[in-house]
>>> print(open('input_36.txt').read())   # compact mmCIF, C-alpha atoms
# COMPACT_ATOMS: atom_id res chain seq x y z
CA MET A 7 47.51 25.75 13.82
CA LYS A 8 49.21 29.13 13.80
CA ARG A 9 51.76 27.77 11.36
CA TRP A 10 49.26 27.86 8.51
CA VAL A 11 49.26 31.65 8.14
CA GLY A 12 52.71 32.30 6.67
CA LEU A 13 52.32 29.44 4.22
CA MET A 14 49.47 31.37 2.54
CA ALA A 15 51.90 33.66 0.78
CA ILE A 16 54.48 30.94 0.04
CA GLY A 17 52.04 28.22 -0.94
CA THR A 18 50.13 30.58 -3.20
CA MET A 19 53.14 31.41 -5.34
CA VAL A 20 54.25 27.78 -5.57
CA PHE A 21 50.88 26.33 -6.40
CA MET A 22 49.75 29.03 -8.81
CA LEU A 23 52.54 27.85 -11.08
CA ALA A 24 51.59 24.22 -10.60
CA ALA A 25 47.81 24.21 -10.37
CA CYS A 26 46.32 27.68 -9.87
CA GLY A 27 46.10 27.43 -6.09
CA SER A 28 46.42 29.16 -2.73
CA GLY A 29 48.49 28.61 0.41
CA GLY A 30 48.56 27.99 4.17
CA LYS A 31 49.06 30.38 7.11
CA ASP A 32 51.66 31.82 9.54
CA GLU A 33 54.93 33.50 9.07
CA ASN A 34 56.80 31.38 11.59
CA LYS A 35 56.87 28.21 9.51
CA THR A 36 58.83 27.24 6.41
CA THR A 37 57.66 24.47 4.13
CA THR A 38 59.11 21.09 5.05
CA GLU A 39 60.38 19.30 2.02
CA THR A 40 61.62 16.22 3.83
CA GLN A 41 59.50 13.23 4.65
CA THR A 42 60.17 10.71 7.41
CA GLU A 43 58.73 7.25 7.00
CA THR A 44 57.99 4.81 9.79
CA SER A 45 55.55 1.98 9.73
CA THR A 46 53.00 0.34 11.94
CA ASP A 47 53.23 -2.72 9.69
CA THR A 48 56.02 -4.32 7.73
CA GLY A 49 53.94 -4.41 4.55
CA ALA A 50 54.08 -1.36 2.28
CA ALA A 51 50.81 0.05 1.00
CA ASP A 52 50.18 0.18 -2.72
CA THR A 53 49.03 3.35 -4.41
CA GLY A 54 48.63 3.84 -8.11
CA ALA A 55 47.57 6.25 -10.79
CA ASN A 56 44.61 4.18 -11.94
CA ASP A 57 41.18 5.76 -11.80
CA PRO A 58 39.38 4.67 -8.63
CA ALA A 59 36.43 2.33 -8.80
CA PRO A 60 33.11 4.01 -7.97
CA ALA A 61 31.92 3.70 -4.38
CA GLU A 62 29.27 1.09 -3.66
CA ALA A 63 25.76 2.40 -3.17
CA ASP A 64 24.97 0.20 -0.17
CA ASP A 65 25.95 0.88 3.42
CA ALA A 66 28.04 -2.28 3.82
CA LEU A 67 31.28 -0.88 2.44
CA THR A 68 34.06 -3.43 2.69
CA PRO A 69 37.77 -3.04 1.89
CA GLU A 70 39.14 -4.25 -1.41
CA GLU A 71 40.76 -7.68 -1.30
CA GLY A 72 44.44 -7.34 -0.39
CA ALA A 73 44.07 -3.66 0.48
CA SER A 74 46.75 -1.84 2.44
CA LEU A 75 46.95 1.88 3.15
CA VAL A 76 49.48 4.67 3.48
CA VAL A 77 48.49 7.64 5.64
CA TRP A 78 50.23 11.00 5.92
CA ASP A 79 50.13 12.74 9.28
CA SER A 80 52.20 15.22 11.25
CA LYS A 81 54.79 14.17 13.78
CA THR A 82 52.73 15.51 16.68
CA GLY A 83 49.84 13.24 15.77
CA ARG A 84 51.86 10.01 15.58
CA GLY A 85 50.80 8.47 18.87
CA PHE A 86 47.12 8.79 18.01
CA ILE A 87 47.33 7.69 14.39
CA ASP A 88 49.54 4.70 15.23
CA GLU A 89 47.01 3.50 17.80
CA MET A 90 44.08 3.94 15.42
CA ALA A 91 45.97 2.14 12.64
CA LYS A 92 46.39 -0.89 14.88
CA GLN A 93 42.70 -0.87 15.77
CA PHE A 94 41.66 -0.55 12.13
CA GLU A 95 43.85 -3.44 11.04
CA ALA A 96 42.49 -5.58 13.87
CA GLU A 97 38.90 -4.85 12.81
CA TYR A 98 39.20 -4.84 9.01
CA GLY A 99 42.41 -6.75 8.31
CA VAL A 100 43.90 -3.80 6.42
CA PRO A 101 47.49 -2.90 7.35
CA VAL A 102 48.19 0.84 7.62
CA LYS A 103 51.57 2.48 7.13
CA VAL A 104 52.08 5.97 8.57
CA GLU A 105 54.42 8.49 6.97
CA GLU A 106 55.24 11.81 8.63
CA VAL A 107 54.29 14.74 6.43
CA GLU A 108 53.19 17.98 8.07
CA SER A 109 49.57 18.88 7.32
CA PRO A 110 50.23 22.27 5.63
CA ASP A 111 52.69 20.59 3.24
CA GLN A 112 50.47 17.77 2.08
CA VAL A 113 48.61 19.41 -0.81
CA ASN A 114 51.85 20.61 -2.38
CA LYS A 115 53.35 17.14 -2.02
CA LEU A 116 50.22 15.38 -3.27
CA THR A 117 50.27 17.55 -6.40
CA THR A 118 53.31 15.64 -7.67
CA ASP A 119 53.16 12.39 -5.71
CA GLY A 120 49.47 11.67 -6.34
CA PRO A 121 49.56 11.35 -10.14
CA ALA A 122 52.89 9.51 -9.87
CA GLY A 123 51.34 6.85 -7.65
CA LEU A 124 53.53 7.81 -4.69
CA GLY A 125 51.00 9.71 -2.58
CA ALA A 126 49.33 8.46 0.57
CA ASP A 127 45.89 6.90 0.28
CA LEU A 128 44.63 9.13 3.09
CA VAL A 129 45.81 12.67 3.76
CA ASN A 130 44.76 15.51 6.05
CA PHE A 131 45.20 19.25 5.69
CA PRO A 132 43.58 22.58 6.67
CA ASN A 133 40.31 23.51 4.97
CA ASP A 134 41.70 26.66 3.33
CA GLN A 135 43.68 24.40 0.98
CA LEU A 136 40.70 22.37 -0.16
CA GLY A 137 39.90 24.53 -3.19
CA ARG A 138 43.23 24.01 -4.85
CA ALA A 139 43.21 20.29 -4.02
CA VAL A 140 39.81 19.91 -5.70
CA SER A 141 40.77 22.11 -8.64
CA ALA A 142 43.78 19.88 -9.26
CA GLY A 143 41.69 16.69 -8.98
CA LEU A 144 43.60 15.39 -5.98
CA VAL A 145 40.83 14.21 -3.62
CA LEU A 146 37.69 12.10 -3.88
CA GLU A 147 34.22 13.17 -2.82
CA ASN A 148 32.99 11.95 0.56
CA ASP A 149 30.05 10.08 -0.93
CA GLN A 150 29.64 6.79 0.93
CA PHE A 151 29.58 8.44 4.38
CA ALA A 152 28.20 11.84 3.43
CA ASP A 153 24.97 11.61 5.43
CA GLU A 154 26.78 10.27 8.47
CA THR A 155 29.41 13.00 8.27
CA VAL A 156 26.82 15.77 7.99
CA ASN A 157 24.78 14.39 10.88
CA THR A 158 27.68 13.81 13.25
CA SER A 159 29.91 16.83 12.55
CA GLN A 160 29.60 20.43 13.70
CA GLU A 161 27.89 22.59 11.09
CA ASN A 162 30.84 24.95 10.58
CA ALA A 163 33.11 21.95 10.11
CA VAL A 164 30.91 20.50 7.37
CA LYS A 165 30.86 23.85 5.56
CA ALA A 166 34.63 24.10 5.84
CA VAL A 167 35.33 20.74 4.20
CA SER A 168 32.85 21.21 1.35
CA TYR A 169 33.68 22.89 -1.93
CA ASP A 170 31.26 24.13 -4.58
CA GLY A 171 28.42 22.38 -2.75
CA ILE A 172 30.16 19.00 -2.59
CA LEU A 173 31.40 17.34 0.58
CA TYR A 174 34.98 16.09 0.30
CA GLY A 175 36.37 15.92 3.81
CA TYR A 176 35.89 13.84 6.93
CA PRO A 177 36.22 16.55 9.64
CA ARG A 178 38.91 15.76 12.20
CA THR A 179 39.59 18.76 14.43
CA VAL A 180 38.54 22.39 14.72
CA GLU A 181 40.36 25.45 15.97
CA THR A 182 40.06 29.17 16.28
CA TYR A 183 41.51 31.88 18.47
CA ALA A 184 40.02 33.32 21.61
CA LEU A 185 40.82 35.57 24.53
CA ILE A 186 43.53 34.17 26.84
CA TYR A 187 43.73 36.21 30.03
CA ASN A 188 45.88 36.38 33.16
CA LYS A 189 43.68 35.57 36.15
CA ALA A 190 45.89 37.58 38.49
CA ILE A 191 45.12 40.70 36.45
CA PHE A 192 41.47 39.80 35.84
CA PRO A 193 40.46 37.85 38.98
CA GLU A 194 36.75 38.27 38.24
CA GLY A 195 37.03 36.87 34.75
CA ALA A 196 37.73 38.18 31.28
CA PRO A 197 36.22 41.44 30.06
CA LYS A 198 33.10 40.89 27.98
CA SER A 199 33.55 43.77 25.55
CA PHE A 200 36.28 45.75 23.84
CA GLU A 201 34.82 48.84 25.46
CA ASP A 202 35.57 47.31 28.88
CA ILE A 203 39.11 46.51 27.77
CA VAL A 204 39.69 50.07 26.59
CA SER A 205 38.51 51.45 29.92
CA PHE A 206 40.73 49.05 31.85
CA ALA A 207 43.77 49.79 29.66
CA LYS A 208 43.60 53.49 30.44
CA THR A 209 44.32 52.76 34.11
CA TYR A 210 46.56 49.70 33.69
CA ASN A 211 48.91 50.39 30.79
CA ASP A 212 52.48 51.47 31.55
CA ALA A 213 54.83 51.20 28.55
CA LYS A 214 57.96 51.75 30.68
CA LYS A 215 57.06 48.64 32.70
CA ASN A 216 55.86 46.69 29.64
CA LYS A 217 52.35 46.61 31.05
CA TYR A 218 49.60 46.35 28.45
CA ALA A 219 45.98 45.33 28.78
CA ILE A 220 45.75 43.46 25.48
CA MET A 221 47.79 42.36 22.48
CA TRP A 222 47.26 40.40 19.30
CA GLU A 223 49.32 40.12 16.11
CA VAL A 224 48.21 43.49 14.80
CA GLY A 225 49.87 43.01 11.42
CA ASN A 226 48.30 39.62 10.75
CA PHE A 227 44.99 39.64 8.86
CA TYR A 228 44.14 36.22 10.29
CA PHE A 229 43.57 37.90 13.66
CA ASN A 230 42.27 41.21 12.29
CA TYR A 231 39.46 39.83 10.16
CA GLY A 232 37.09 39.82 13.13
CA PHE A 233 37.07 43.60 13.31
CA LEU A 234 35.77 43.80 9.74
CA GLY A 235 33.57 40.70 9.78
CA SER A 236 31.80 41.60 13.01
CA ASN A 237 30.51 44.81 11.46
CA GLY A 238 29.24 43.37 8.18
CA GLY A 239 32.40 43.10 6.13
CA TYR A 240 33.13 39.81 4.41
CA LEU A 241 35.76 38.19 2.23
CA PHE A 242 33.77 36.56 -0.56
CA GLY A 243 30.04 36.44 -1.11
CA GLY A 244 27.97 33.28 -1.13
CA GLY A 245 29.44 32.10 2.14
CA GLY A 246 32.99 32.43 0.85
CA THR A 247 32.40 30.86 -2.56
CA LYS A 248 32.02 33.82 -4.96
CA ALA A 249 35.42 35.21 -5.83
CA ASP A 250 33.93 38.12 -7.80
CA ASP A 251 32.03 39.40 -4.75
CA ILE A 252 34.51 40.94 -2.30
CA GLY A 253 33.17 42.68 0.79
CA LEU A 254 36.36 43.95 2.43
CA ASN A 255 35.63 47.58 1.60
CA ASN A 256 31.88 47.81 2.20
CA ASP A 257 30.40 50.12 4.84
CA GLY A 258 30.61 47.48 7.57
CA ALA A 259 34.24 46.69 6.82
CA VAL A 260 35.13 50.39 6.83
CA ALA A 261 33.41 50.89 10.20
CA GLY A 262 35.22 47.86 11.60
CA ALA A 263 38.59 49.04 10.35
CA LYS A 264 38.02 52.44 11.95
CA PHE A 265 37.33 50.75 15.28
CA PHE A 266 40.46 48.64 14.79
CA ALA A 267 42.51 51.79 14.19
CA SER A 268 41.13 53.42 17.34
CA LEU A 269 42.68 50.67 19.47
CA LYS A 270 46.16 52.04 18.84
CA GLU A 271 45.33 54.37 21.71
CA ILE A 272 45.72 51.44 24.11
CA LEU A 273 48.38 49.59 22.10
CA PRO A 274 50.75 52.34 20.90
CA MET A 275 53.10 50.09 18.95
CA ASN A 276 53.60 49.56 15.22
CA THR A 277 52.37 46.32 13.70
CA GLY A 278 55.87 44.91 13.26
CA ASP A 279 56.57 45.31 16.96
CA VAL A 280 53.70 43.11 18.14
CA THR A 281 54.90 39.61 17.31
CA TYR A 282 53.97 36.19 18.60
CA ASP A 283 57.19 35.93 20.61
CA ILE A 284 56.90 39.41 22.11
CA LYS A 285 53.36 38.71 23.26
CA LYS A 286 54.36 35.36 24.69
CA GLY A 287 57.24 36.94 26.60
CA LEU A 288 55.07 39.63 28.15
CA PHE A 289 52.27 37.23 29.02
CA THR A 290 54.54 34.69 30.67
CA ALA A 291 56.26 37.54 32.53
CA GLY A 292 52.88 38.48 33.98
CA THR A 293 52.62 42.01 32.56
CA LEU A 294 50.29 41.39 29.60
CA GLY A 295 46.68 41.04 30.67
CA ILE A 296 45.14 39.52 27.53
CA ASP A 297 46.56 37.69 24.55
CA ILE A 298 44.28 36.96 21.59
CA ASN A 299 45.65 33.65 20.45
CA GLY A 300 44.87 30.05 19.66
CA PRO A 301 45.23 26.76 21.53
CA TRP A 302 48.66 26.23 19.96
CA THR A 303 50.17 28.68 22.47
CA LEU A 304 48.79 27.06 25.63
CA ALA A 305 51.64 24.60 26.08
CA ASP A 306 54.05 27.49 26.62
CA TYR A 307 51.67 29.19 29.02
CA LYS A 308 51.20 26.02 31.05
CA THR A 309 54.93 25.53 31.54
CA SER A 310 55.36 29.19 32.56
CA GLY A 311 53.19 28.71 35.63
CA ILE A 312 50.87 31.60 34.73
CA ASP A 313 47.34 31.12 36.04
CA TYR A 314 45.37 31.80 32.86
CA GLY A 315 41.83 31.43 31.62
CA VAL A 316 40.25 31.36 28.18
CA ALA A 317 37.06 33.11 27.12
CA PRO A 318 35.30 33.90 23.84
CA LEU A 319 36.45 37.08 22.11
CA PRO A 320 35.05 40.34 23.48
CA THR A 321 32.10 41.93 21.74
CA ILE A 322 32.48 44.97 19.50
CA GLU A 323 29.70 47.51 20.06
CA GLY A 324 27.52 44.70 21.38
CA LYS A 325 28.19 42.31 18.49
CA PRO A 326 30.10 39.00 18.79
CA MET A 327 33.58 39.21 17.30
CA THR A 328 33.71 36.79 14.38
CA SER A 329 37.01 34.98 14.34
CA PHE A 330 38.50 32.98 11.52
CA SER A 331 38.40 29.25 12.12
CA GLY A 332 40.17 26.31 10.60
CA VAL A 333 39.16 22.69 10.21
CA LYS A 334 41.52 19.82 9.60
CA ALA A 335 39.95 16.89 7.84
CA TRP A 336 40.88 13.59 6.29
CA TYR A 337 40.69 13.28 2.50
CA VAL A 338 40.98 10.29 0.19
CA ASN A 339 43.61 10.60 -2.53
CA SER A 340 41.85 10.37 -5.91
CA PHE A 341 44.70 8.21 -7.24
CA THR A 342 44.45 5.51 -4.55
CA LYS A 343 44.07 1.87 -5.58
CA TYR A 344 41.96 1.23 -2.50
CA PRO A 345 39.25 3.91 -2.25
CA LYS A 346 36.89 1.71 -0.23
CA ALA A 347 39.48 0.92 2.43
CA ALA A 348 40.59 4.54 2.53
CA LYS A 349 37.04 5.83 2.98
CA LEU A 350 36.43 3.30 5.72
CA PHE A 351 39.54 4.42 7.58
CA ALA A 352 38.64 8.11 7.17
CA ASN A 353 35.23 7.45 8.69
CA PHE A 354 36.80 5.25 11.39
CA LEU A 355 39.12 8.13 12.38
CA THR A 356 36.27 10.62 12.79
CA SER A 357 33.97 8.67 15.08
CA LYS A 358 33.07 10.05 18.50
CA GLU A 359 35.37 7.54 20.16
CA ALA A 360 38.32 8.31 17.89
CA GLU A 361 38.06 12.07 18.27
CA LEU A 362 37.72 11.81 22.05
CA LYS A 363 40.85 9.69 22.06
CA GLU A 364 42.70 12.33 20.05
CA PHE A 365 41.49 15.01 22.46
CA THR A 366 42.85 12.96 25.37
CA MET A 367 46.18 12.27 23.67
CA ASN A 368 46.83 15.56 21.85
CA GLY A 369 44.42 18.15 23.31
CA THR A 370 42.80 18.76 19.91
CA LEU A 371 39.20 19.97 19.68
CA PRO A 372 36.91 17.46 17.95
CA ALA A 373 34.79 18.24 14.91
CA ASN A 374 32.41 15.44 15.88
CA LYS A 375 29.35 16.91 17.67
CA GLU A 376 28.90 14.13 20.19
CA ALA A 377 32.57 14.22 21.08
CA ALA A 378 32.51 18.01 21.45
CA ASN A 379 29.50 17.75 23.76
CA ASP A 380 31.05 15.00 25.87
CA ALA A 381 31.37 15.80 29.57
CA SER A 382 35.15 15.43 29.40
CA ILE A 383 35.32 18.40 27.02
CA GLN A 384 32.39 20.49 28.21
CA GLY A 385 33.78 20.18 31.73
CA ASP A 386 37.11 21.59 30.61
CA ALA A 387 36.76 25.39 30.75
CA VAL A 388 39.55 26.05 28.26
CA SER A 389 38.26 23.64 25.62
CA LYS A 390 34.69 24.84 26.07
CA ALA A 391 35.73 28.48 25.57
CA PHE A 392 37.44 27.70 22.27
CA LEU A 393 34.44 25.66 21.12
CA ASP A 394 32.07 28.49 22.08
CA GLN A 395 34.15 30.87 19.98
CA PHE A 396 34.23 28.35 17.11
CA ALA A 397 30.43 28.40 17.11
CA VAL A 398 30.45 32.09 16.09
CA SER A 399 33.49 31.81 13.83
CA GLN A 400 33.74 31.85 10.06
CA PRO A 401 35.67 29.06 8.35
CA MET A 402 38.39 30.44 6.14
CA PRO A 403 37.17 30.29 2.53
CA SER A 404 38.57 27.32 0.65
CA ILE A 405 38.42 28.74 -2.88
CA PRO A 406 41.84 29.15 -4.55
CA GLU A 407 41.41 32.94 -4.67
CA MET A 408 41.77 33.06 -0.89
CA GLY A 409 45.51 33.01 -1.41
CA ASN A 410 45.29 36.45 -3.02
CA VAL A 411 43.73 38.04 0.09
CA TRP A 412 46.36 37.79 2.80
CA ASN A 413 49.05 40.22 1.71
CA PRO A 414 46.84 43.06 0.37
CA ALA A 415 44.50 42.93 3.38
CA ALA A 416 47.36 42.86 5.88
CA ALA A 417 49.14 45.71 4.12
CA ALA A 418 46.00 47.87 4.08
CA LEU A 419 45.34 47.49 7.79
CA SER A 420 49.02 48.01 8.58
CA GLU A 421 48.93 51.33 6.69
CA VAL A 422 45.84 52.34 8.62
CA TRP A 423 47.41 51.38 11.96
CA ASN A 424 50.99 52.57 11.42
CA ASP A 425 50.52 55.59 9.17
CA GLY A 426 46.96 56.73 9.79
CA LYS A 427 46.02 56.17 6.14
CA ASP A 428 42.40 56.81 5.22
CA VAL A 429 40.51 53.60 5.95
CA LYS A 430 38.29 53.62 2.88
CA ALA A 431 41.19 54.37 0.53
CA ALA A 432 43.33 51.62 2.06
CA LEU A 433 40.59 49.00 1.81
CA ASP A 434 39.65 50.06 -1.74
CA ASN A 435 43.27 49.59 -2.75
CA ALA A 436 43.44 46.15 -1.13
CA VAL A 437 40.27 44.98 -2.88
CA GLN A 438 41.58 46.18 -6.23
CA GLN A 439 44.82 44.27 -5.70
CA ILE A 440 42.86 41.12 -4.88
CA LYS A 441 40.72 41.54 -8.00
CA ASP A 442 43.80 42.07 -10.16
CA ALA A 443 45.45 38.94 -8.79
CA ASN A 444 42.27 36.93 -9.32
CA ALA A 445 42.09 38.09 -12.91
CA VAL A 446 45.68 37.05 -13.57
CA ASN A 447 45.15 33.64 -12.02
CA SER A 448 42.00 32.98 -14.02
CA LYS A 449 43.81 33.28 -17.34
>>> encode(input="input_36.txt", output="structure tokens")
Amino acid sequence: MKRWVGLMAIGTMVFMLAACGSGGKDENKTTTETQTETSTDTGAADTGANDPAPAEADDALTPEEGASLVVWDSKTGRGFIDEMAKQFEAEYGVPVKVEEVESPDQVNKLTTDGPAGLGADLVNFPNDQLGRAVSAGLVLENDQFADETVNTSQENAVKAVSYDGILYGYPRTVETYALIYNKAIFPEGAPKSFEDIVSFAKTYNDAKKNKYAIMWEVGNFYFNYGFLGSNGGYLFGGGGTKADDIGLNNDGAVAGAKFFASLKEILPMNTGDVTYDIKKGLFTAGTLGIDINGPWTLADYKTSGIDYGVAPLPTIEGKPMTSFSGVKAWYVNSFTKYPKAAKLFANFLTSKEAELKEFTMNGTLPANKEAANDASIQGDAVSKAFLDQFAVSQPMPSIPEMGNVWNPAAAALSEVWNDGKDVKAALDNAVQQIKDANAVNSK
């Protein structure tokens, strides 16, 4: 969720030293080094550093004799994963032990624990960390269930959990950010375009009363990418796979950054003054009309009593605003002793029924197409709005070089917003910094 963003900078520095990698996202989270173990079965699962046996070519994959599994999952997902572990053991006779390790921390932990035979058989983490996991040889290809995964998962989710043309993940959940609006301020529904928001802000804004039409984390490139991407800018060519092709300073990106800078007229605050907590406070107080944010913030808004709605992001000059999206997926540890059992459980966890259960228990948005199209989700206006935005989103690139993007890109747009720096010069400088970092990492 939002906690991935800050880990990008931290995770990048840590992993570059260990395996030439990149990081997670969000400044509000520090890496958890502790691990809490609890078990759904008294038997401990075996993992080892032996090379895994190749997957069988037939469809009747069966667990290895005597197989048992260890699964890493976050604390918030425990109720779901415990229930699914019981069902899997009942069906396949394979006991599953669950250990609490937060998703953004798992690749770092697997880097040391995997080769040592201490890692979980099945892990899950955000797609932007896939490149470094593959580069370090930590996860197995999704081969046995590849066709099924491609056919049953949303297209953007499949792209997100593939690397260098190879499918590795079993897509679990999807997320992106959208427009969360106060229905008391917008009783007829959310504005459809940024132009409409600008017009409204000119009559609504009152800084002395903390009244603002719209806010987002202006200093966070995760939320700002849409301004550049919607106008033809891009991070890496080849659908996010070519590190030597950077499109953050092309004509489209420059035009998008200029539009971004123009919005300071209706949000006259410096980037450091528009934080997650400030936005939340104003929105729950009823003075902020629109918050661009993700589903992770809805729990706070529900408890505040604010009558809110969710809609896809507003258009920019008639074009859909392309948000970043993230996909969490299950991955099989390449050092597991039981690859067949682990693959079976990964596929078991990503069925329509399993992902609908997780939606019911945790409110997560399913990557499975049939689950996403189920009446229980399509009938929920909030979930449908996030899924509609996900359909026009761009998965964050998973190549290791992605870790070199966050700081330079954020700094460039902050200079444009705060100091009025020339847009082209700021973006040129950011791209050069990214190229320099890529060159250092490739040595």
>>> closest_residue(input="input_36.txt", among="A:Thr321, A:Asn188, A:Ser236, A:Gln384", to="Thr290 in chain A", atoms="all atoms listed in the file")
A:Asn188
>>> closest_residue(input="input_36.txt", among="A:Ile220, A:Val156, A:Leu254, A:Leu241", to="Met402 in chain A", atoms="all atoms listed in the file")
A:Leu241
>>> atom_distance(input="input_36.txt", atom1="CA of Ala415 in chain A", atom2="CA of Tyr231 in chain A")
9.0 Å
>>> closest_atom_pairs(input="input_36.txt", of="range 155-251 of chain A", to="range 315-320 of chain A", cutoff="8 Å", atoms="only C-alpha atoms", output="tab-separated table")
residue	atom	partner	partner_atom	distance
A:Ala184	CA	A:Leu319	CA	5.2
A:Leu185	CA	A:Ala317	CA	5.2
A:Ile186	CA	A:Val316	CA	4.5
A:Tyr187	CA	A:Gly315	CA	5.4
A:Asn188	CA	A:Gly315	CA	6.6
A:Lys189	CA	A:Gly315	CA	6.4
A:Gly195	CA	A:Gly315	CA	7.9
A:Ala196	CA	A:Ala317	CA	6.6
A:Pro197	CA	A:Pro320	CA	6.8
A:Lys198	CA	A:Pro320	CA	4.9
A:Ser199	CA	A:Pro320	CA	4.3
A:Phe200	CA	A:Pro320	CA	5.6
>>> closest_residue(input="input_36.txt", among="A:Met90, A:Met275, A:Val280, A:Ala436", to="Glu361 in chain A", atoms="all atoms listed in the file")
A:Met90
>>> closest_residue(input="input_36.txt", among="A:Thr366, A:Ser404, A:Thr293, A:Asn148", to="Asp212 in chain A", atoms="all atoms listed in the file")
A:Thr293
>>> closest_atom_pairs(input="input_36.txt", of="range 72-103 of chain A", to="range 348-352 of chain A", cutoff="9 Å", atoms="all atoms listed in the file", output="Markdown table")
| residue | atom | partner | partner_atom | distance |
| --- | --- | --- | --- | --- |
| A:Ser74 | CA | A:Ala348 | CA | 8.9 |
| A:Leu75 | CA | A:Ala348 | CA | 6.9 |
| A:Val76 | CA | A:Ala348 | CA | 8.9 |
| A:Ala91 | CA | A:Phe351 | CA | 8.5 |
| A:Phe94 | CA | A:Phe351 | CA | 7.1 |
>>> atom_distance(input="input_36.txt", atom1="CA of Leu362 in chain A", atom2="CA of Pro101 in chain A")
23.0 Å
>>> atom_distance(input="input_36.txt", atom1="CA of Ala207 in chain A", atom2="CA of Phe192 in chain A")
12.0 Å
>>> residues_around(input="input_36.txt", residues="Trp423 in chain A", least_positions_apart="5", cutoff="12 Å", atoms="only C-alpha atoms", output="list in words")
Val224, Gly225, Asn226, Asn230, Ala263, Lys264, Phe265, Phe266, Ala267, Ser268, Leu269, Lys270, Glu271, Leu273, Pro274, Met275, Asn276, Thr277, Gly278, Ala416, Ala417, Ala418, Asp428, Val429 and Ala432 of chain A
>>> decode(input="input_36.txt", residues="range 386-413 of chain A", atoms="C-alpha atoms", output="PDB file, in the first residue's frame")
ATOM      1  CA  ASP A 386     -19.601  -1.755  -4.471  1.00  0.00           C
ATOM      2  CA  ALA A 387     -19.102   1.765  -5.845  1.00  0.00           C
ATOM      3  CA  VAL A 388     -15.815   2.348  -4.039  1.00  0.00           C
ATOM      4  CA  SER A 389     -14.200  -0.900  -5.174  1.00  0.00           C
ATOM      5  CA  LYS A 390     -15.455  -0.439  -8.726  1.00  0.00           C
ATOM      6  CA  ALA A 391     -13.977   3.067  -8.922  1.00  0.00           C
ATOM      7  CA  PHE A 392     -10.531   1.839  -7.896  1.00  0.00           C
ATOM      8  CA  LEU A 393     -10.747  -1.043 -10.369  1.00  0.00           C
ATOM      9  CA  ASP A 394     -11.808   1.352 -13.154  1.00  0.00           C
ATOM     10  CA  GLN A 395      -8.758   3.481 -12.404  1.00  0.00           C
ATOM     11  CA  PHE A 396      -6.546   0.382 -12.291  1.00  0.00           C
ATOM     12  CA  ALA A 397      -7.673  -0.419 -15.835  1.00  0.00           C
ATOM     13  CA  VAL A 398      -5.995   2.785 -17.112  1.00  0.00           C
ATOM     14  CA  SER A 399      -3.031   2.597 -14.751  1.00  0.00           C
ATOM     15  CA  GLN A 400       0.575   1.686 -15.418  1.00  0.00           C
ATOM     16  CA  PRO A 401       2.209  -0.959 -13.236  1.00  0.00           C
ATOM     17  CA  MET A 402       5.356   0.353 -11.639  1.00  0.00           C
ATOM     18  CA  PRO A 403       8.337  -1.016 -13.583  1.00  0.00           C
ATOM     19  CA  SER A 404       9.939  -3.993 -11.885  1.00  0.00           C
ATOM     20  CA  ILE A 405      13.467  -3.625 -13.272  1.00  0.00           C
ATOM     21  CA  PRO A 406      16.130  -2.926 -10.613  1.00  0.00           C
ATOM     22  CA  GLU A 407      16.849   0.507 -12.123  1.00  0.00           C
ATOM     23  CA  MET A 408      13.441   1.699 -10.926  1.00  0.00           C
ATOM     24  CA  GLY A 409      15.038   2.340  -7.558  1.00  0.00           C
ATOM     25  CA  ASN A 410      17.140   5.093  -9.129  1.00  0.00           C
ATOM     26  CA  VAL A 411      14.078   7.061 -10.291  1.00  0.00           C
ATOM     27  CA  TRP A 412      12.284   8.131  -7.137  1.00  0.00           C
ATOM     28  CA  ASN A 413      14.577  10.717  -5.596  1.00  0.00           C
TER      29      ASN A 413
END
